[in-house]
$ cat run35.pdb   # PDB, C-alpha atoms
ATOM      1  CA  MET A   1     101.681 126.840 114.174
ATOM      2  CA  SER A   2     105.029 126.269 112.441
ATOM      3  CA  CYS A   3     107.425 126.130 115.461
ATOM      4  CA  GLN A   4     109.591 123.039 115.552
ATOM      5  CA  MET A   5     109.217 122.677 119.309
ATOM      6  CA  GLU A   6     105.431 122.800 119.074
ATOM      7  CA  HIS A   7     105.679 120.184 116.304
ATOM      8  CA  ALA A   8     107.733 117.984 118.623
ATOM      9  CA  MET A   9     105.195 118.423 121.413
ATOM     10  CA  GLU A  10     102.327 117.648 119.025
ATOM     11  CA  LYS A  11     104.107 114.466 117.869
ATOM     12  CA  MET A  12     104.490 113.235 121.440
ATOM     13  CA  ILE A  13     100.781 113.800 122.107
ATOM     14  CA  PHE A  14      99.811 112.223 118.782
ATOM     15  CA  MET A  15     101.982 109.152 119.376
ATOM     16  CA  PHE A  16     100.660 108.593 122.884
ATOM     17  CA  HIS A  17      97.059 108.718 121.675
ATOM     18  CA  LYS A  18      97.844 106.575 118.637
ATOM     19  CA  PHE A  19      99.099 103.713 120.815
ATOM     20  CA  ALA A  20      96.750 104.306 123.773
ATOM     21  CA  GLY A  21      93.673 104.381 121.552
ATOM     22  CA  ASP A  22      90.518 105.552 123.372
ATOM     23  CA  LYS A  23      92.081 104.628 126.743
ATOM     24  CA  CYS A  24      94.062 107.434 128.429
ATOM     25  CA  TYR A  25      96.887 105.084 129.294
ATOM     26  CA  LEU A  26      99.255 102.588 127.720
ATOM     27  CA  THR A  27      99.235  98.950 128.805
ATOM     28  CA  ASN A  28     102.616  97.231 129.043
ATOM     29  CA  GLU A  29     101.900  95.654 125.661
ATOM     30  CA  ASP A  30     100.998  99.036 124.115
ATOM     31  CA  LEU A  31     104.265 100.433 125.467
ATOM     32  CA  ARG A  32     106.312  97.476 124.188
ATOM     33  CA  VAL A  33     104.873  97.936 120.667
ATOM     34  CA  LEU A  34     105.366 101.725 120.828
ATOM     35  CA  MET A  35     108.987 101.369 121.922
ATOM     36  CA  LYS A  36     109.786  98.810 119.202
ATOM     37  CA  LYS A  37     108.245 101.030 116.529
ATOM     38  CA  GLN A  38     109.229 104.478 117.770
ATOM     39  CA  PHE A  39     112.484 103.983 119.665
ATOM     40  CA  SER A  40     114.061 101.308 117.476
ATOM     41  CA  GLY A  41     117.199 103.379 116.914
ATOM     42  CA  PHE A  42     117.617 103.805 120.657
ATOM     43  CA  LEU A  43     116.965 100.136 121.453
ATOM     44  CA  GLU A  44     119.383  98.928 118.765
ATOM     45  CA  ASN A  45     122.125 100.941 120.477
ATOM     46  CA  GLN A  46     121.596  99.383 123.894
ATOM     47  CA  LYS A  47     124.137  96.765 125.014
ATOM     48  CA  ASP A  48     121.837  95.525 127.791
ATOM     49  CA  PRO A  49     119.046  93.330 126.292
ATOM     50  CA  LEU A  50     116.950  94.001 129.416
ATOM     51  CA  THR A  51     116.895  97.769 128.825
ATOM     52  CA  MET A  52     113.255  97.729 127.701
ATOM     53  CA  ASP A  53     112.088  95.645 130.663
ATOM     54  CA  LYS A  54     113.931  97.906 133.096
ATOM     55  CA  ILE A  55     112.415 101.037 131.540
ATOM     56  CA  MET A  56     108.902  99.578 131.641
ATOM     57  CA  LYS A  57     109.255  98.390 135.244
ATOM     58  CA  ASP A  58     110.580 101.796 136.241
ATOM     59  CA  LEU A  59     107.731 103.628 134.497
ATOM     60  CA  ASP A  60     104.892 101.581 135.983
ATOM     61  CA  GLN A  61     105.489 102.884 139.517
ATOM     62  CA  SER A  62     101.964 102.100 140.692
ATOM     63  CA  ARG A  63     102.261  98.532 139.332
ATOM     64  CA  ASP A  64      98.750  98.724 137.897
ATOM     65  CA  GLY A  65      99.960  97.942 134.384
ATOM     66  CA  LYS A  66      98.913 101.404 133.202
ATOM     67  CA  VAL A  67     101.313 104.096 131.943
ATOM     68  CA  GLY A  68      99.739 107.563 131.737
ATOM     69  CA  PHE A  69     100.724 110.543 129.573
ATOM     70  CA  GLN A  70     102.964 112.142 132.205
ATOM     71  CA  SER A  71     104.899 108.894 132.655
ATOM     72  CA  PHE A  72     105.187 108.655 128.877
ATOM     73  CA  LEU A  73     106.701 112.174 128.762
ATOM     74  CA  LEU A  74     109.054 111.176 131.556
ATOM     75  CA  LEU A  75     110.123 108.165 129.471
ATOM     76  CA  THR A  76     110.726 110.393 126.451
ATOM     77  CA  ALA A  77     112.780 112.859 128.512
ATOM     78  CA  ARG A  78     114.887 110.062 130.027
ATOM     79  CA  LEU A  79     115.536 108.450 126.653
ATOM     80  CA  THR A  80     116.435 111.852 125.199
ATOM     81  CA  ILE A  81     118.970 112.445 127.968
ATOM     82  CA  ALA A  82     120.255 108.851 127.775
ATOM     83  CA  CYS A  83     120.993 109.052 124.079
ATOM     84  CA  ILE A  84     121.891 112.722 123.586
ATOM     85  CA  ASP A  85     125.358 111.691 122.370
ATOM     86  CA  TYR A  86     123.768 109.289 119.843
ATOM     87  CA  PHE A  87     121.561 112.075 118.490
ATOM     88  CA  ILE A  88     124.353 114.676 118.293
ATOM     89  CA  VAL A  89     126.517 112.249 116.265
ATOM     90  CA  HIS A  90     123.491 111.524 114.042
ATOM     91  CA  MET A  91     122.706 115.233 113.546
ATOM     92  CA  ASN A  92     126.356 115.982 112.631
ATOM     93  CA  GLN A  93     126.359 113.150 110.069
ATOM     94  CA  LYS A  94     123.189 114.597 108.527
ATOM     95  CA  ARG A  95     124.784 118.050 108.368
ATOM     96  CA  LYS A  96     127.905 116.672 106.611
ATOM     97  CA  LYS A  97     125.721 114.932 103.992
ATOM     98  CA  GLN A  98     123.851 118.186 103.338
ATOM     99  CA  LYS A  99     127.094 120.116 102.661
TER     100      LYS A  99
ATOM    101  CA  MET B   1     116.069 106.635 111.770
ATOM    102  CA  SER B   2     112.534 107.438 110.595
ATOM    103  CA  CYS B   3     110.557 107.119 113.890
ATOM    104  CA  GLN B   4     108.446 110.162 114.679
ATOM    105  CA  MET B   5     109.291 109.976 118.385
ATOM    106  CA  GLU B   6     113.018 109.920 117.659
ATOM    107  CA  HIS B   7     112.450 112.903 115.341
ATOM    108  CA  ALA B   8     110.715 114.724 118.201
ATOM    109  CA  MET B   9     113.589 113.908 120.560
ATOM    110  CA  GLU B  10     116.150 115.034 117.961
ATOM    111  CA  LYS B  11     114.268 118.332 117.497
ATOM    112  CA  MET B  12     114.341 119.040 121.247
ATOM    113  CA  ILE B  13     118.107 118.427 121.348
ATOM    114  CA  PHE B  14     118.660 120.468 118.183
ATOM    115  CA  MET B  15     116.603 123.414 119.484
ATOM    116  CA  PHE B  16     118.350 123.457 122.837
ATOM    117  CA  HIS B  17     121.779 123.562 121.183
ATOM    118  CA  LYS B  18     120.641 126.098 118.580
ATOM    119  CA  PHE B  19     119.694 128.604 121.310
ATOM    120  CA  ALA B  20     122.403 127.620 123.835
ATOM    121  CA  GLY B  21     125.169 127.897 121.249
ATOM    122  CA  ASP B  22     128.508 126.524 122.463
ATOM    123  CA  LYS B  23     127.395 126.923 126.109
ATOM    124  CA  CYS B  24     125.623 123.893 127.610
ATOM    125  CA  TYR B  25     122.938 126.055 129.151
ATOM    126  CA  LEU B  26     120.433 128.732 128.260
ATOM    127  CA  THR B  27     120.622 132.170 129.839
ATOM    128  CA  ASN B  28     117.329 133.817 130.746
ATOM    129  CA  GLU B  29     117.616 135.879 127.558
ATOM    130  CA  ASP B  30     118.285 132.748 125.446
ATOM    131  CA  LEU B  31     115.203 131.137 126.989
ATOM    132  CA  ARG B  32     113.060 134.238 126.413
ATOM    133  CA  VAL B  33     114.016 134.290 122.716
ATOM    134  CA  LEU B  34     113.501 130.512 122.396
ATOM    135  CA  MET B  35     110.049 130.686 123.972
ATOM    136  CA  LYS B  36     108.941 133.602 121.775
ATOM    137  CA  LYS B  37     110.117 131.803 118.636
ATOM    138  CA  GLN B  38     109.256 128.203 119.481
ATOM    139  CA  PHE B  39     106.271 128.392 121.829
ATOM    140  CA  SER B  40     104.459 131.358 120.260
ATOM    141  CA  GLY B  41     101.248 129.364 119.811
ATOM    142  CA  PHE B  42     101.296 128.396 123.465
ATOM    143  CA  LEU B  43     102.087 131.927 124.712
ATOM    144  CA  GLU B  44      99.354 133.479 122.545
ATOM    145  CA  ASN B  45      96.838 131.211 124.271
ATOM    146  CA  GLN B  46      97.806 132.273 127.776
ATOM    147  CA  LYS B  47      95.463 134.703 129.552
ATOM    148  CA  ASP B  48      98.106 135.548 132.175
ATOM    149  CA  PRO B  49     100.727 137.948 130.662
ATOM    150  CA  LEU B  50     103.174 136.852 133.368
ATOM    151  CA  THR B  51     103.125 133.196 132.238
ATOM    152  CA  MET B  52     106.583 133.449 130.686
ATOM    153  CA  ASP B  53     108.157 135.090 133.750
ATOM    154  CA  LYS B  54     106.610 132.471 136.052
ATOM    155  CA  ILE B  55     107.877 129.624 133.888
ATOM    156  CA  MET B  56     111.391 131.077 133.747
ATOM    157  CA  LYS B  57     111.506 131.732 137.497
ATOM    158  CA  ASP B  58     110.275 128.207 138.177
ATOM    159  CA  LEU B  59     112.854 126.674 135.843
ATOM    160  CA  ASP B  60     115.889 128.500 137.214
ATOM    161  CA  GLN B  61     115.744 126.697 140.578
ATOM    162  CA  SER B  62     119.392 127.330 141.388
ATOM    163  CA  ARG B  63     118.966 131.052 140.615
ATOM    164  CA  ASP B  64     122.272 131.087 138.735
ATOM    165  CA  GLY B  65     120.653 132.365 135.562
ATOM    166  CA  LYS B  66     121.486 129.110 133.759
ATOM    167  CA  VAL B  67     118.912 126.615 132.462
ATOM    168  CA  GLY B  68     120.411 123.223 131.549
ATOM    169  CA  PHE B  69     119.123 120.580 129.134
ATOM    170  CA  GLN B  70     117.212 118.603 131.768
ATOM    171  CA  SER B  71     115.385 121.743 132.925
ATOM    172  CA  PHE B  72     114.621 122.519 129.292
ATOM    173  CA  LEU B  73     113.069 119.035 128.860
ATOM    174  CA  LEU B  74     111.093 119.601 132.048
ATOM    175  CA  LEU B  75     109.807 122.876 130.564
ATOM    176  CA  THR B  76     108.802 121.098 127.357
ATOM    177  CA  ALA B  77     107.004 118.342 129.282
ATOM    178  CA  ARG B  78     105.134 120.882 131.437
ATOM    179  CA  LEU B  79     104.082 122.951 128.441
ATOM    180  CA  THR B  80     102.973 119.784 126.635
ATOM    181  CA  ILE B  81     100.802 118.781 129.600
ATOM    182  CA  ALA B  82      99.540 122.362 130.084
ATOM    183  CA  CYS B  83      98.339 122.669 126.518
ATOM    184  CA  ILE B  84      97.356 119.115 125.614
ATOM    185  CA  ASP B  85      93.772 120.270 125.021
ATOM    186  CA  TYR B  86      95.047 123.014 122.683
ATOM    187  CA  PHE B  87      97.045 120.463 120.665
ATOM    188  CA  ILE B  88      94.216 117.915 120.448
ATOM    189  CA  VAL B  89      91.833 120.585 119.084
ATOM    190  CA  HIS B  90      94.552 121.650 116.633
ATOM    191  CA  MET B  91      95.241 118.045 115.502
ATOM    192  CA  ASN B  92      91.507 117.404 114.967
ATOM    193  CA  GLN B  93      91.200 120.571 112.865
ATOM    194  CA  LYS B  94      94.155 119.416 110.737
ATOM    195  CA  ARG B  95      92.520 115.981 110.271
ATOM    196  CA  LYS B  96      89.219 117.567 109.155
ATOM    197  CA  LYS B  97      91.082 119.686 106.562
ATOM    198  CA  GLN B  98      92.836 116.577 105.194
ATOM    199  CA  LYS B  99      89.507 114.720 104.670
TER     200      LYS B  99
END
$ encode --input "run35.pdb" --output "structure tokens"
Amino acid sequence: MSCQMEHAMEKMIFMFHKFAGDKCYLTNEDLRVLMKKQFSGFLENQKDPLTMDKIMKDLDQSRDGKVGFQSFLLLTARLTIACIDYFIVHMNQKRKKQK
Amino acid sequence: MSCQMEHAMEKMIFMFHKFAGDKCYLTNEDLRVLMKKQFSGFLENQKDPLTMDKIMKDLDQSRDGKVGFQSFLLLTARLTIACIDYFIVHMNQKRKKQK
């Protein structure tokens, strides 16, 4: 399996399980650590210091303090859409360096 | 930016733009080519030969023959959930080889 998209999918699954451990969900603390480690670039670019809290509150719809895999994918999709401009600028910079 | 999750997000954006070209959407043909090239492992594992057609029909809700970035992320999330077992088996095999 050498497809980049399948690699991306595999990374999302791997990361969820890495931070969820043997549980099948992330606690708020798991999610906070995951976001700091895996979305640092995104968080650094946020003007609103409460961005993380808002995202976490929004994700934990059932208010049981547990974030499942589907909610985690939803988070990833939202962050991807929210920072698509940031990534396109970053990809173009990388391309210029490679020339 | 060295975070694996941000890499995964960047790959999804890169792949969408690679197959959409200067358009901001994928035609059905773009999507068919993308799926064959990027989700070949997933498609090979499907018993139903009509899986691709069903996915494409489901994605193109507006029936205008255009699949935007958000629909593409939705597709990726659904495929990730649909084949999470496939990926976990694959990741465990990779880990055993590395031991």
$ interface_residues --input "run35.pdb" --of "chain A" --to "chain B" --cutoff "7 Å" --atoms "only C-alpha atoms" --output "NGL selection string"
:A and (1 or 3-6 or 8-12 or 38-39 or 41 or 73 or 77 or 80 or 87)
$ atom_distance --input "run35.pdb" --atom1 "atom CA of B:Leu75" --atom2 "atom CA of A:Val89"
24.4 Å
$ closest_residue --input "run35.pdb" --among "B:Gly21, B:Ala82, B:Asn28, B:Gln46" --to "B:Gly65" --atoms "only C-alpha atoms"
B:Asn28
$ atom_distance --input "run35.pdb" --atom1 "atom CA of A:Asn92" --atom2 "atom CA of A:Leu43"
20.4 Å
$ residues_near_point --input "run35.pdb" --point "(111.6, 131.5, 133.9)" --cutoff "12 Å" --atoms "only C-alpha atoms" --output "PyMOL selection string"
chain B and resi 26-35+50-67+71-72+75
$ closest_residue --input "run35.pdb" --among "A:Gly68, A:Gln98, A:Gln93, A:Lys47" --to "A:Cys24" --atoms "all atoms listed in the file"
A:Gly68
$ atom_distance --input "run35.pdb" --atom1 "atom CA of B:Asn45" --atom2 "atom CA of A:Ala20"
26.9 Å
$ decode --input "run35.pdb" --residues "chain A" --atoms "C-alpha atoms" --output "CSV table (one decimal), in the first residue's frame"
chain,number,residue,atom,x,y,z
A,1,MET,CA,0.0,0.0,0.0
A,2,SER,CA,1.9,3.0,-1.3
A,3,CYS,CA,-0.9,5.5,-1.9
A,4,GLN,CA,-0.5,8.9,-0.2
A,5,MET,CA,-4.2,9.1,0.7
A,6,GLU,CA,-4.1,5.7,2.3
A,7,HIS,CA,-1.0,6.8,4.2
A,8,ALA,CA,-2.8,9.8,5.5
A,9,MET,CA,-5.8,7.7,6.6
A,10,GLU,CA,-3.4,5.3,8.3
A,11,LYS,CA,-1.7,8.2,10.1
A,12,MET,CA,-5.1,9.4,11.4
A,13,ILE,CA,-5.9,6.0,12.8
A,14,PHE,CA,-2.5,5.5,14.2
A,15,MET,CA,-2.5,8.9,16.0
A,16,PHE,CA,-6.0,8.3,17.5
A,17,HIS,CA,-4.9,5.0,18.9
A,18,LYS,CA,-1.6,6.3,20.1
A,19,PHE,CA,-3.2,9.0,22.2
A,20,ALA,CA,-6.4,6.9,23.2
A,21,GLY,CA,-4.3,3.9,24.3
A,22,ASP,CA,-6.4,0.8,24.9
A,23,LYS,CA,-9.5,2.9,25.4
A,24,CYS,CA,-11.5,3.6,22.2
A,25,TYR,CA,-11.9,7.2,23.0
A,26,LEU,CA,-9.9,10.3,23.9
A,27,THR,CA,-10.4,12.1,27.3
A,28,ASN,CA,-10.3,15.9,27.2
A,29,GLU,CA,-6.7,15.6,28.6
A,30,ASP,CA,-5.7,13.1,25.8
A,31,LEU,CA,-7.2,15.5,23.2
A,32,ARG,CA,-5.4,18.5,24.7
A,33,VAL,CA,-2.0,16.7,24.6
A,34,LEU,CA,-2.7,15.4,21.1
A,35,MET,CA,-3.6,18.9,19.8
A,36,LYS,CA,-0.5,20.5,21.4
A,37,LYS,CA,1.7,17.8,19.9
A,38,GLN,CA,0.0,17.2,16.5
A,39,PHE,CA,-1.6,20.5,15.6
A,40,SER,CA,1.0,22.9,17.0
A,41,GLY,CA,1.4,24.7,13.7
A,42,PHE,CA,-2.4,25.3,13.5
A,43,LEU,CA,-2.6,26.4,17.1
A,44,GLU,CA,0.3,28.9,16.8
A,45,ASN,CA,-1.6,30.5,13.9
A,46,GLN,CA,-4.8,31.1,15.9
A,47,LYS,CA,-5.4,34.7,17.2
A,48,ASP,CA,-8.0,33.5,19.6
A,49,PRO,CA,-6.3,31.9,22.7
A,50,LEU,CA,-9.6,30.1,23.4
A,51,THR,CA,-9.6,28.2,20.1
A,52,MET,CA,-8.6,24.9,21.7
A,53,ASP,CA,-11.3,25.1,24.4
A,54,LYS,CA,-13.9,26.0,21.8
A,55,ILE,CA,-12.9,23.1,19.6
A,56,MET,CA,-12.9,20.6,22.5
A,57,LYS,CA,-16.3,21.9,23.8
A,58,ASP,CA,-17.8,21.6,20.3
A,59,LEU,CA,-16.4,18.0,19.8
A,60,ASP,CA,-17.7,16.6,23.1
A,61,GLN,CA,-21.4,16.9,22.1
A,62,SER,CA,-22.5,14.3,24.6
A,63,ARG,CA,-20.7,16.0,27.4
A,64,ASP,CA,-19.4,12.7,28.7
A,65,GLY,CA,-15.8,13.8,28.4
A,66,LYS,CA,-15.2,11.1,25.8
A,67,VAL,CA,-14.2,11.9,22.1
A,68,GLY,CA,-14.6,8.9,19.8
A,69,PHE,CA,-12.8,8.2,16.5
A,70,GLN,CA,-15.6,9.7,14.3
A,71,SER,CA,-15.5,12.9,16.3
A,72,PHE,CA,-11.7,12.9,16.0
A,73,LEU,CA,-12.1,12.6,12.2
A,74,LEU,CA,-14.6,15.5,12.3
A,75,LEU,CA,-12.0,17.6,14.2
A,76,THR,CA,-9.3,16.8,11.6
A,77,ALA,CA,-11.7,17.7,8.7
A,78,ARG,CA,-12.7,21.0,10.4
A,79,LEU,CA,-9.1,21.9,11.1
A,80,THR,CA,-8.1,21.0,7.5
A,81,ILE,CA,-10.8,23.3,6.1
A,82,ALA,CA,-10.0,26.0,8.7
A,83,CYS,CA,-6.4,26.2,7.7
A,84,ILE,CA,-6.4,25.3,4.0
A,85,ASP,CA,-4.9,28.7,3.2
A,86,TYR,CA,-2.1,28.1,5.7
A,87,PHE,CA,-1.3,24.8,4.2
A,88,ILE,CA,-1.4,26.0,0.6
A,89,VAL,CA,1.1,28.8,1.5
A,90,HIS,CA,3.3,26.2,3.3
A,91,MET,CA,3.2,23.8,0.3
A,92,ASN,CA,4.1,26.6,-2.1
A,93,GLN,CA,7.1,27.6,0.1
A,94,LYS,CA,8.2,24.0,0.1
A,95,ARG,CA,8.0,23.8,-3.7
A,96,LYS,CA,10.0,27.0,-4.1
A,97,LYS,CA,12.8,25.6,-1.9
A,98,GLN,CA,12.9,22.4,-4.0
A,99,LYS,CA,13.4,24.3,-7.2
